[in-house]
$ cat coords.txt   # compact mmCIF, C-alpha atoms and all ligand atoms
# COMPACT_ATOMS: atom_id res chain seq x y z
CA MET P 1 -17.41 5.25 -18.39
CA PRO P 2 -20.75 4.95 -16.57
CA PRO P 3 -20.91 6.91 -13.29
CA ASN P 4 -20.69 3.82 -11.07
CA GLY P 5 -17.24 3.01 -12.42
CA THR P 6 -18.40 0.05 -14.51
CA PRO P 7 -15.55 -0.81 -16.89
CA VAL P 8 -16.72 -1.67 -20.39
CA GLY P 9 -15.10 -3.15 -23.51
CA ASP P 10 -11.42 -4.04 -23.84
CA ARG P 11 -9.67 -2.55 -20.85
CA SER P 12 -6.27 -4.18 -21.31
CA THR P 13 -4.38 -1.02 -22.21
CA ASP P 14 -5.93 1.10 -19.44
CA ALA P 15 -4.01 2.00 -16.31
CA ILE P 16 -4.15 0.52 -12.82
CA GLY P 17 -4.82 3.13 -10.12
CA VAL P 18 -2.82 2.93 -6.89
CA PHE P 19 -3.23 5.19 -3.88
CA ASP P 20 -1.96 5.73 -0.36
CA SER P 21 -1.96 8.54 2.17
CA GLY P 22 1.49 9.47 0.85
CA VAL P 23 4.75 7.83 -0.14
CA GLY P 24 4.04 4.49 1.60
CA GLY P 25 2.18 3.01 -1.36
CA LEU P 26 5.42 3.16 -3.34
CA SER P 27 6.43 -0.01 -1.49
CA VAL P 28 3.36 -1.67 -3.04
CA LEU P 29 3.94 -0.05 -6.43
CA ARG P 30 7.43 -1.55 -6.40
CA ALA P 31 5.92 -5.04 -6.01
CA LEU P 32 3.21 -4.31 -8.60
CA HIS P 33 5.74 -3.12 -11.13
CA SER P 34 7.87 -6.18 -10.62
CA GLU P 35 4.88 -8.58 -10.97
CA LEU P 36 3.24 -6.63 -13.83
CA PRO P 37 6.03 -4.83 -15.73
CA LEU P 38 3.89 -4.19 -18.81
CA GLU P 39 1.16 -2.35 -16.97
CA LYS P 40 0.75 1.39 -16.74
CA PHE P 41 0.19 2.68 -13.20
CA VAL P 42 -1.27 5.95 -11.97
CA TYR P 43 -0.19 6.70 -8.40
CA VAL P 44 -1.86 9.14 -6.04
CA GLY P 45 -0.24 10.08 -2.72
CA ASP P 46 -2.79 11.90 -0.58
CA SER P 47 -0.17 13.72 1.49
CA GLY P 48 -2.27 16.87 1.72
CA HIS P 49 -4.74 14.90 3.86
CA ALA P 50 -2.33 12.61 5.73
CA PRO P 51 -1.58 10.87 8.00
CA TYR P 52 -4.59 8.57 7.76
CA GLY P 53 -3.57 6.34 10.64
CA GLU P 54 -4.31 8.83 13.37
CA ARG P 55 -7.53 10.25 11.84
CA ASP P 56 -11.07 8.98 12.21
CA ASP P 57 -12.70 6.51 9.82
CA ALA P 58 -15.00 9.15 8.30
CA HIS P 59 -11.98 11.12 7.04
CA VAL P 60 -10.27 8.04 5.56
CA ILE P 61 -13.50 6.82 3.94
CA ALA P 62 -14.23 10.22 2.39
CA ARG P 63 -10.66 10.58 1.06
CA SER P 64 -10.60 7.03 -0.34
CA HIS P 65 -13.88 7.61 -2.09
CA SER P 66 -12.78 10.94 -3.62
CA ILE P 67 -9.50 9.47 -4.88
CA ALA P 68 -11.21 6.40 -6.35
CA ARG P 69 -13.66 8.64 -8.21
CA TYR P 70 -10.82 10.86 -9.47
CA LEU P 71 -8.91 7.82 -10.78
CA ILE P 72 -12.00 6.34 -12.42
CA GLU P 73 -13.26 9.54 -14.01
CA LEU P 74 -10.00 11.18 -15.08
CA HIS P 75 -7.71 8.21 -15.67
CA HIS P 76 -10.27 5.53 -16.65
CA ILE P 77 -8.52 2.94 -14.52
CA LYS P 78 -9.27 -0.74 -15.06
CA ALA P 79 -8.43 -1.72 -11.46
CA LEU P 80 -7.75 0.01 -8.15
CA VAL P 81 -5.10 -0.95 -5.61
CA VAL P 82 -5.61 0.51 -2.15
CA ALA P 83 -1.93 0.58 -1.18
CA CYS P 84 -2.63 1.57 2.40
CA ASN P 85 -3.52 -0.74 5.27
CA THR P 86 -5.43 2.00 7.09
CA ALA P 87 -7.58 2.90 4.06
CA THR P 88 -8.18 -0.76 3.28
CA ALA P 89 -9.38 -1.40 6.83
CA ALA P 90 -11.67 1.63 6.88
CA ALA P 91 -12.94 1.90 3.33
CA ILE P 92 -12.52 -1.12 1.07
CA LYS P 93 -15.93 -2.59 1.82
CA LEU P 94 -17.64 0.68 0.90
CA LEU P 95 -15.47 1.18 -2.18
CA ARG P 96 -16.49 -2.26 -3.42
CA GLN P 97 -20.14 -1.41 -2.79
CA ASP P 98 -19.89 1.89 -4.64
CA PHE P 99 -17.83 0.61 -7.60
CA PRO P 100 -19.07 -2.97 -7.90
CA ASP P 101 -17.61 -3.76 -11.32
CA LEU P 102 -14.17 -2.32 -10.74
CA PRO P 103 -11.62 -4.86 -9.48
CA ILE P 104 -10.35 -3.45 -6.16
CA VAL P 105 -7.41 -4.94 -4.29
CA GLY P 106 -6.57 -3.97 -0.72
CA ILE P 107 -3.69 -4.69 1.63
CA GLU P 108 -3.76 -6.16 5.11
CA PRO P 109 -0.99 -6.82 7.64
CA ALA P 110 0.66 -10.17 6.83
CA LEU P 111 -0.49 -11.98 9.97
CA LYS P 112 -1.44 -15.22 8.20
CA PRO P 113 1.96 -15.84 6.57
CA ALA P 114 3.62 -14.78 9.84
CA ALA P 115 1.65 -17.36 11.84
CA GLN P 116 2.70 -20.04 9.36
CA SER P 117 6.39 -19.22 9.17
CA SER P 118 7.24 -18.13 12.73
CA HIS P 119 9.13 -20.69 14.84
CA THR P 120 8.75 -19.03 18.23
CA LYS P 121 5.10 -18.25 17.41
CA VAL P 122 5.60 -14.78 18.87
CA ILE P 123 4.96 -12.17 16.19
CA GLY P 124 5.35 -8.41 16.37
CA VAL P 125 2.85 -6.30 14.42
CA MET P 126 3.66 -2.67 13.69
CA ALA P 127 0.76 -0.69 12.22
CA THR P 128 -1.15 2.54 12.56
CA ARG P 129 -3.65 3.01 15.36
CA GLY P 130 -6.42 3.15 12.72
CA THR P 131 -5.50 -0.27 11.34
CA LEU P 132 -5.12 -1.93 14.74
CA ASN P 133 -8.43 -0.54 16.03
CA SER P 134 -10.38 -1.52 12.92
CA GLU P 135 -13.06 -4.18 12.79
CA LYS P 136 -11.32 -5.75 9.79
CA PHE P 137 -8.08 -6.19 11.74
CA GLY P 138 -10.06 -7.55 14.72
CA SER P 139 -11.56 -10.25 12.51
CA LEU P 140 -8.18 -11.13 11.03
CA LEU P 141 -6.70 -11.49 14.51
CA ALA P 142 -9.65 -13.55 15.73
CA SER P 143 -9.31 -15.89 12.74
CA LEU P 144 -5.78 -16.76 13.91
CA HIS P 145 -6.69 -17.29 17.54
CA GLY P 146 -4.51 -19.93 19.16
CA GLN P 147 -2.02 -20.10 16.29
CA ALA P 148 0.48 -17.56 17.65
CA THR P 149 0.91 -14.70 20.08
CA PHE P 150 0.68 -11.32 18.35
CA VAL P 151 2.34 -8.32 20.00
CA LEU P 152 0.49 -5.31 18.59
CA GLN P 153 2.29 -1.98 18.39
CA PRO P 154 0.56 1.21 17.23
CA CYS P 155 3.37 3.34 15.79
CA ASP P 156 2.15 6.91 16.21
CA GLY P 157 4.20 9.36 14.20
CA LEU P 158 6.26 6.78 12.30
CA ALA P 159 4.45 7.04 8.94
CA ASP P 160 4.57 10.82 9.19
CA ALA P 161 8.32 10.80 9.92
CA ILE P 162 8.94 8.52 6.91
CA GLU P 163 6.64 10.67 4.77
CA HIS P 164 8.80 13.72 5.51
CA ALA P 165 12.08 11.77 5.24
CA ASP P 166 12.86 12.90 8.79
CA ALA P 167 15.63 10.48 9.78
CA THR P 168 15.85 11.60 13.43
CA LYS P 169 12.12 11.18 14.05
CA THR P 170 12.06 7.89 12.11
CA ILE P 171 14.86 6.43 14.24
CA ALA P 172 13.20 7.65 17.46
CA ALA P 173 9.79 6.22 16.51
CA CYS P 174 11.30 2.87 15.45
CA ALA P 175 13.37 2.66 18.65
CA TYR P 176 10.34 3.43 20.79
CA SER P 177 8.15 0.87 19.02
CA THR P 178 10.62 -1.99 18.99
CA GLY P 179 11.58 -1.22 22.61
CA ALA P 180 7.94 -1.41 23.65
CA MET P 181 7.37 -4.76 21.91
CA GLY P 182 9.83 -6.81 23.95
CA GLN P 183 12.61 -9.21 23.09
CA PHE P 184 13.50 -10.11 19.49
CA GLY P 185 15.36 -13.19 18.25
CA HIS P 186 15.19 -16.96 17.91
CA GLU P 187 14.97 -17.85 21.61
CA SER P 188 11.75 -19.25 22.98
CA GLY P 189 9.36 -16.43 23.86
CA ALA P 190 11.11 -13.89 21.62
CA ILE P 191 9.63 -12.17 18.56
CA ASP P 192 11.15 -13.84 15.50
CA THR P 193 8.81 -12.28 12.91
CA LEU P 194 7.91 -8.62 12.51
CA VAL P 195 4.90 -7.69 10.40
CA LEU P 196 5.24 -4.27 8.78
CA GLY P 197 1.53 -3.50 8.76
CA CYS P 198 1.73 -0.05 7.20
CA THR P 199 3.01 0.52 3.70
CA HIS P 200 5.34 3.29 4.85
CA TYR P 201 7.31 1.01 7.18
CA PRO P 202 9.26 -1.01 4.57
CA PHE P 203 11.14 2.26 3.97
CA ALA P 204 12.46 2.04 7.55
CA THR P 205 13.72 -1.53 7.15
CA ASP P 206 17.41 -0.65 7.62
CA ILE P 207 16.70 1.19 10.85
CA LEU P 208 14.43 -1.58 12.15
CA ARG P 209 17.02 -4.21 11.23
CA SER P 210 19.69 -2.38 13.23
CA LEU P 211 17.33 -2.32 16.23
CA VAL P 212 16.03 -5.92 16.24
CA GLY P 213 19.08 -7.75 14.93
CA PRO P 214 19.69 -10.12 12.02
CA ASN P 215 17.51 -13.05 13.18
CA VAL P 216 14.11 -11.48 12.73
CA THR P 217 12.04 -12.00 9.57
CA PHE P 218 10.25 -8.92 8.23
CA LEU P 219 6.97 -9.40 6.40
CA GLU P 220 5.27 -6.81 4.21
CA GLY P 221 2.20 -7.17 2.04
CA GLY P 222 3.15 -5.82 -1.40
CA ALA P 223 3.87 -9.11 -3.20
CA PRO P 224 0.54 -10.81 -2.39
CA VAL P 225 -1.29 -7.64 -3.46
CA ALA P 226 0.55 -7.71 -6.79
CA ARG P 227 -0.29 -11.39 -7.34
CA GLN P 228 -3.96 -10.78 -6.53
CA THR P 229 -4.04 -7.83 -8.95
CA ARG P 230 -2.62 -10.08 -11.67
CA ARG P 231 -5.24 -12.77 -10.92
CA LEU P 232 -8.17 -10.34 -11.11
CA LEU P 233 -6.96 -8.84 -14.39
CA ALA P 234 -6.13 -12.23 -15.91
CA GLU P 235 -9.58 -13.65 -15.23
CA ARG P 236 -11.11 -10.68 -17.08
CA HIS P 237 -8.52 -10.88 -19.91
CA TRP P 238 -7.46 -7.33 -19.04
CA LEU P 239 -3.71 -7.84 -18.63
CA ALA P 240 -1.65 -5.39 -20.72
CA PRO P 241 -0.44 -6.82 -24.01
CA ALA P 242 3.29 -7.33 -24.51
CA ALA P 243 5.11 -4.44 -26.17
CA THR P 244 6.13 -4.94 -29.77
CA ASP P 245 8.18 -2.85 -32.18
CA ALA P 246 4.95 -2.12 -33.99
CA ASP P 247 3.50 -0.65 -30.83
CA PRO P 248 6.15 1.68 -29.38
CA ALA P 249 3.52 3.37 -27.22
CA ALA P 250 3.37 0.18 -25.18
CA LEU P 251 6.86 0.92 -23.86
CA PHE P 252 5.79 4.36 -22.74
CA ARG P 253 2.92 2.88 -20.78
CA ARG P 254 5.40 1.40 -18.33
CA MET P 255 6.42 4.69 -16.68
CA PRO P 256 3.96 5.34 -13.87
CA ALA P 257 2.25 8.72 -13.59
CA PHE P 258 2.62 10.28 -10.14
CA PHE P 259 0.23 12.71 -8.47
CA THR P 260 0.16 14.17 -4.98
CA THR P 261 -2.25 16.33 -3.04
CA GLY P 262 0.69 17.52 -0.91
CA ASN P 263 4.31 18.37 -1.47
CA ALA P 264 5.45 17.29 -4.96
CA THR P 265 9.13 17.47 -4.00
CA ASN P 266 8.60 14.93 -1.18
CA LEU P 267 7.00 12.42 -3.54
CA HIS P 268 9.56 13.10 -6.26
CA THR P 269 12.42 12.47 -3.83
CA ALA P 270 10.77 9.30 -2.53
CA VAL P 271 10.18 7.97 -6.07
CA GLU P 272 13.80 8.62 -6.97
CA ARG P 273 15.06 7.03 -3.78
CA TRP P 274 12.81 4.00 -3.49
CA LEU P 275 11.94 3.18 -7.11
CA GLN P 276 15.15 4.53 -8.62
CA VAL P 277 13.40 6.32 -11.43
CA GLN P 278 13.24 9.96 -12.40
CA ALA P 279 9.61 10.86 -12.83
CA ASP P 280 7.47 13.95 -13.02
CA VAL P 281 5.23 14.43 -10.04
CA GLN P 282 2.19 16.64 -10.40
CA PHE P 283 0.37 18.43 -7.63
CA ILE P 284 -3.40 18.00 -7.83
CA ARG P 285 -6.37 18.98 -5.72
CA ILE P 286 -8.88 16.22 -5.08
CA ALA P 287 -11.90 17.56 -3.20
N1 LIG D 301 0.57 3.96 4.60
C1 LIG D 301 -0.60 3.86 5.38
C2 LIG D 301 -0.86 2.44 5.87
O1 LIG D 301 -0.50 1.52 5.24
C3 LIG D 301 -0.91 4.84 6.44
C4 LIG D 301 0.03 5.88 6.85
C5 LIG D 301 -0.70 7.04 7.48
O2 LIG D 301 -1.10 7.92 6.72
O3 LIG D 301 -0.91 7.02 8.70
O4 LIG D 301 -1.46 2.19 6.89
$ encode --input "coords.txt" --output "structure tokens"
Amino acid sequence: MPPNGTPVGDRSTDAIGVFDSGVGGLSVLRALHSELPLEKFVYVGDSGHAPYGERDDAHVIARSHSIARYLIELHHIKALVVACNTATAAAIKLLRQDFPDLPIVGIEPALKPAAQSSHTKVIGVMATRGTLNSEKFGSLLASLHGQATFVLQPCDGLADAIEHADATKTIAACAYSTGAMGQFGHESGAIDTLVLGCTHYPFATDILRSLVGPNVTFLEGGAPVARQTRRLLAERHWLAPAATDADPAALFRRMPAFFTTGNATNLHTAVERWLQVQADVQFIRIA
């Protein structure tokens, strides 16, 4: 592999790298696995350097770059999925500049589909402070000017509470955020669509549902990311081949490999709970 990450030759059996600041990217991995069940995934949760959402851009850019390089050099990935809204907002442009031949897919809060599907045209957006303050998010919002009213809610502490499976703090942060956003429901002027603009938040769906009621549509970004990943691989003819009896190793490729820069037990528990698989999680240092 050349140092700039240029993939060469037949890459179809190589892995897809996926990273987030922690367990949140598992919500994207779930969608990826369902769209691309034959692919092998390597997941990195950067919990030792989280949360990203309340840190400055320089930190998130440096971490994203180090993890991308680690995945390229050690795991020879054929594509990279930035399964974190905050890292996408801060770093995806630079990642694409630095690794120009590697397909890189990012995630952004699902404002566009929300503007299309909302009836009341009042949309709640929960995200990290880093995402909401980013230039990328500003452009996305500006591109939808006049199409809907967006109620933006920075959810300080929520990703961290979910990361540590702290139910009390998760409930408190969700209650604070939804309380601050206003009225939810189908009535005119109420929020009928809630964008979960951080990949950790889908893991608080039950709590959020109990707070906003049954008539609110939740939107997350995993499925479009998975479809875009498929498109980029398909156009390069890099999709994983179907498993055959003659190629038993192909079956093995389907179990993702999990790495964390933080607490391995946290990621292991989250994988078991949210993906319903038993997997080894390895601690790694990524400088
Ligand atoms: N999961 C990340 C996101 O999508 C960020 C969580 C954090 O580390 O603050 O924005």
$ residues_near_ligand --input "coords.txt" --ligand "ligand LIG 301 (chain D)" --cutoff "6 Å" --atoms "all atoms listed in the file" --output "PyMOL selection string"
chain P and resi 20-21+24+50-53+84-86+128+159+198-200
$ axis_aligned_box --input "coords.txt" --around "range 252-266 of chain P" --padding-each-side "3 Å" --output "lines of an AutoDock Vina configuration file"
center_x = 3.4
center_y = 9.9
center_z = -11.8
size_x = 17.4
size_y = 23.0
size_z = 27.8
$ residues_around --input "coords.txt" --residues "Val125 in chain P" --least-positions-apart "3" --cutoff "12 Å" --atoms "only C-alpha atoms" --output "VMD selection string"
chain P and resid 108 to 112 114 to 115 122 128 to 129 131 to 132 137 141 148 to 155 177 to 178 180 to 182 191 to 198 201 217 to 220
$ residues_around --input "coords.txt" --residues "Val44 in chain P" --least-positions-apart "2" --cutoff "9 Å" --atoms "all atoms listed in the file" --output "ChimeraX atom specification"
/P:17-23,25,42,46-47,67,71,257-261
$ residues_around --input "coords.txt" --residues "Thr269 in chain P" --least-positions-apart "4" --cutoff "12 Å" --atoms "only C-alpha atoms" --output "JSON list (two decimals) with C-alpha atoms, in the coordinates of the input"
[["chain", "number", "residue", "atom", "x", "y", "z"],
["P", 23, "VAL", "CA", 4.75, 7.83, -0.14],
["P", 26, "LEU", "CA", 5.42, 3.16, -3.34],
["P", 162, "ILE", "CA", 8.94, 8.52, 6.91],
["P", 163, "GLU", "CA", 6.64, 10.67, 4.77],
["P", 164, "HIS", "CA", 8.80, 13.72, 5.51],
["P", 165, "ALA", "CA", 12.08, 11.77, 5.24],
["P", 258, "PHE", "CA", 2.62, 10.28, -10.14],
["P", 263, "ASN", "CA", 4.31, 18.37, -1.47],
["P", 264, "ALA", "CA", 5.45, 17.29, -4.96],
["P", 265, "THR", "CA", 9.13, 17.47, -4.00],
["P", 273, "ARG", "CA", 15.06, 7.03, -3.78],
["P", 274, "TRP", "CA", 12.81, 4.00, -3.49],
["P", 275, "LEU", "CA", 11.94, 3.18, -7.11],
["P", 276, "GLN", "CA", 15.15, 4.53, -8.62],
["P", 277, "VAL", "CA", 13.40, 6.32, -11.43],
["P", 278, "GLN", "CA", 13.24, 9.96, -12.40],
["P", 279, "ALA", "CA", 9.61, 10.86, -12.83],
["P", 280, "ASP", "CA", 7.47, 13.95, -13.02],
["P", 281, "VAL", "CA", 5.23, 14.43, -10.04]]
$ closest_residue --input "coords.txt" --among "P:Ala15, P:Glu35, P:Gly221, P:Gly262" --to "Arg285 in chain P" --atoms "only C-alpha atoms"
P:Gly262
$ atom_distance --input "coords.txt" --atom1 "CA of Arg30 in chain P" --atom2 "CA of Tyr70 in chain P"
22.3 Å
$ closest_residue --input "coords.txt" --among "P:Thr88, P:Ala204, P:Ser210, P:His145" --to "Ala161 in chain P" --atoms "all atoms listed in the file"
P:Ala204
$ atom_distance --input "coords.txt" --atom1 "CA of Ile107 in chain P" --atom2 "CA of Leu94 in chain P"
15.0 Å
$ residues_near_point --input "coords.txt" --point "(-4.4, -8.2, -11.5)" --cutoff "12 Å" --atoms "all atoms listed in the file" --output "PyMOL selection string"
chain P and resi 12+15-17+32-33+35-39+41+78-81+102-106+223-240
$ atom_distance --input "coords.txt" --atom1 "CA of Asn133 in chain P" --atom2 "CA of Gly48 in chain P"
23.4 Å
$ closest_residue --input "coords.txt" --among "P:Leu158, P:Ile284, P:Ala242, P:Val60" --to "Gly130 in chain P" --atoms "only C-alpha atoms"
P:Val60
$ closest_residue --input "coords.txt" --among "P:Gly45, P:Gln282, P:Phe184, P:Leu140" --to "Arg63 in chain P" --atoms "all atoms listed in the file"
P:Gly45
$ closest_residue --input "coords.txt" --among "P:Ile171, P:Val271, P:Gly138, P:Thr120" --to "Asn215 in chain P" --atoms "only C-alpha atoms"
P:Thr120
$ decode --input "coords.txt" --residues "range 143-154 of chain P" --atoms "all heavy atoms" --output "CSV table (one decimal), in the first residue's frame"
chain,number,residue,atom,x,y,z
P,143,SER,N,-28.7,25.5,3.0
P,143,SER,CA,-29.3,24.9,1.7
P,143,SER,C,-30.8,24.6,1.9
P,143,SER,O,-31.5,24.4,0.9
P,143,SER,CB,-28.5,23.7,1.3
P,143,SER,OG,-28.8,22.6,2.2
P,144,LEU,N,-31.3,24.5,3.1
P,144,LEU,CA,-32.7,24.2,3.3
P,144,LEU,C,-33.5,25.4,3.8
P,144,LEU,O,-34.6,25.2,4.2
P,144,LEU,CB,-32.8,23.0,4.3
P,144,LEU,CG,-32.1,21.7,3.9
P,144,LEU,CD1,-31.9,20.8,5.0
P,144,LEU,CD2,-32.9,21.1,2.8
P,145,HIS,N,-32.9,26.5,3.6
P,145,HIS,CA,-33.6,27.8,4.1
P,145,HIS,C,-35.0,27.9,3.5
P,145,HIS,O,-35.2,27.7,2.3
P,145,HIS,CB,-32.7,29.0,3.7
P,145,HIS,CG,-33.3,30.3,4.2
P,145,HIS,ND1,-33.3,30.6,5.5
P,145,HIS,CD2,-34.0,31.2,3.5
P,145,HIS,CE1,-33.9,31.8,5.6
P,145,HIS,NE2,-34.3,32.2,4.4
P,146,GLY,N,-35.9,28.2,4.3
P,146,GLY,CA,-37.3,28.4,3.9
P,146,GLY,C,-38.1,27.1,3.7
P,146,GLY,O,-39.3,27.1,3.5
P,147,GLN,N,-37.5,25.9,3.8
P,147,GLN,CA,-38.2,24.7,3.6
P,147,GLN,C,-38.8,24.2,4.9
P,147,GLN,O,-39.8,23.4,4.9
P,147,GLN,CB,-37.3,23.6,3.1
P,147,GLN,CG,-36.8,24.0,1.7
P,147,GLN,CD,-36.1,22.8,1.0
P,147,GLN,OE1,-36.3,21.7,1.3
P,147,GLN,NE2,-35.1,23.2,0.1
P,148,ALA,N,-38.3,24.6,6.1
P,148,ALA,CA,-38.8,24.1,7.4
P,148,ALA,C,-38.1,24.9,8.5
P,148,ALA,O,-37.2,25.6,8.2
P,148,ALA,CB,-38.4,22.6,7.6
P,149,THR,N,-38.7,24.8,9.7
P,149,THR,CA,-38.1,25.5,10.8
P,149,THR,C,-37.3,24.4,11.6
P,149,THR,O,-37.8,23.3,11.9
P,149,THR,CB,-39.1,26.0,11.8
P,149,THR,OG1,-39.9,27.0,11.0
P,149,THR,CG2,-38.5,26.7,13.0
P,150,PHE,N,-36.0,24.6,11.8
P,150,PHE,CA,-35.2,23.6,12.5
P,150,PHE,C,-34.9,24.1,13.9
P,150,PHE,O,-34.4,25.2,14.1
P,150,PHE,CB,-33.9,23.4,11.7
P,150,PHE,CG,-34.1,22.7,10.4
P,150,PHE,CD1,-34.2,23.5,9.2
P,150,PHE,CD2,-34.2,21.3,10.3
P,150,PHE,CE1,-34.4,22.9,8.0
P,150,PHE,CE2,-34.4,20.7,9.1
P,150,PHE,CZ,-34.5,21.5,7.9
P,151,VAL,N,-35.2,23.3,14.9
P,151,VAL,CA,-35.0,23.7,16.3
P,151,VAL,C,-33.7,22.9,16.7
P,151,VAL,O,-33.7,21.7,16.8
P,151,VAL,CB,-36.2,23.2,17.2
P,151,VAL,CG1,-35.9,23.6,18.6
P,151,VAL,CG2,-37.5,23.9,16.7
P,152,LEU,N,-32.6,23.6,16.8
P,152,LEU,CA,-31.3,23.0,17.1
P,152,LEU,C,-31.0,22.8,18.5
P,152,LEU,O,-31.1,23.8,19.3
P,152,LEU,CB,-30.2,23.8,16.4
P,152,LEU,CG,-30.4,24.3,15.0
P,152,LEU,CD1,-29.2,25.0,14.4
P,152,LEU,CD2,-30.7,23.0,14.1
P,153,GLN,N,-30.6,21.6,18.9
P,153,GLN,CA,-30.4,21.4,20.4
P,153,GLN,C,-29.0,20.7,20.6
P,153,GLN,O,-28.8,19.5,20.3
P,153,GLN,CB,-31.5,20.4,20.9
P,153,GLN,CG,-31.4,20.2,22.4
P,153,GLN,CD,-31.4,21.4,23.2
P,153,GLN,OE1,-32.2,22.3,23.0
P,153,GLN,NE2,-30.5,21.5,24.2
P,154,PRO,N,-28.0,21.5,21.1
P,154,PRO,CA,-26.8,20.8,21.4
P,154,PRO,C,-27.0,20.0,22.7
P,154,PRO,O,-27.5,20.5,23.7
P,154,PRO,CB,-25.8,22.0,21.7
P,154,PRO,CG,-26.7,23.2,21.9
P,154,PRO,CD,-28.0,22.9,21.3
